[in-house]
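Data block below; observations after.
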Amino acid sequence: MVEVLTVLVIFGILAAMVGPRINLAPARAGSAASLAGSTLLAAQRAAVARQHNVVVAFDQAGRRLRVHYDADNDGRVDTDEHVTWVALPEGVVFGRAGATAGRAGAGAVSFRLRQDGYPAVFFLRNGSASEEGGFYLTTAANQAAGKAAEARMVVLDRATGRPGWQRYDGSTWKPEF
């Protein structure tokens, strides 16, 4: 029993020494890109299934996406229309942290259309998107430090409405899947 307790104490000490050195930035940025890309994919599928526009707007300051089911296709959020918010994971922000601009353009979010002042993309009932564009995600710490190596980019194809994820490896953007 004493030997088991000794081993547990040693493991505890090792975990306390190694734990703070674990870099979670790649996992946070990657999971945020997957979450945002999946939200776009779900919005695109909802537009086809419901046969009306679904608008995804990007609240950069609030670090979240707004999904608006635009039942009357007027581009405005009406009181009787369903709206959901999807928050980015803790510590993740819109931005590329100094990474070179990719297909998503130079800004943190490249969609030119606006809904309530937010950059937005409209998914049409045929599954296509209102425009090609995208956005960048990184951790707040990397954004502040200008550390580009952990940045992620989500790019939306206009014709198909399908999102694609990319990772910045320090010199170029690489497709994730």
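Numbering starts fresh at 1 for the residues of each chain in the structure tokens, the chains themselves are lettered A, B, ... in the order given, and ligands are numbered from 1 as they appear.
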| request: Please identify which residues in chain A DSSP calls helix (DSSP H, G or I) from the backbone, and express them as an MDAnalysis selection string. | output: chainID A and resid 2:21 25:50 140:145 148:150
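Residues with any atom within 9 Å of range 41-51 of chain A, counting only C-alpha atoms and excluding same-chain neighbours fewer than 5 positions away, are Ala36, Val56, Val67, His68, Tyr69, Ala71, Phe122, Phe123, Leu124, Arg125, Asn126, Gly127, Ser128, Ala129, Gly161, Arg162 and Pro163 of chain A.
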| task | Taking the DSSP assignment computed from this structure's backbone, write out as a ChimeraX atom specification all residues of range 5-168 of chain A that belong to strand (DSSP E). | result | /A:53-59,64-70,83-87,92-94,114-115,118-123,133-139,152-156,163-168
| field | Between CA of Gly102 in chain A and CA of Thr84 in chain A, distance in Å (one decimal) | value | 28.7 Å
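Straight-line separation from CA of Gly91 in chain A to CA of Asp116 in chain A: 25.1 Å.
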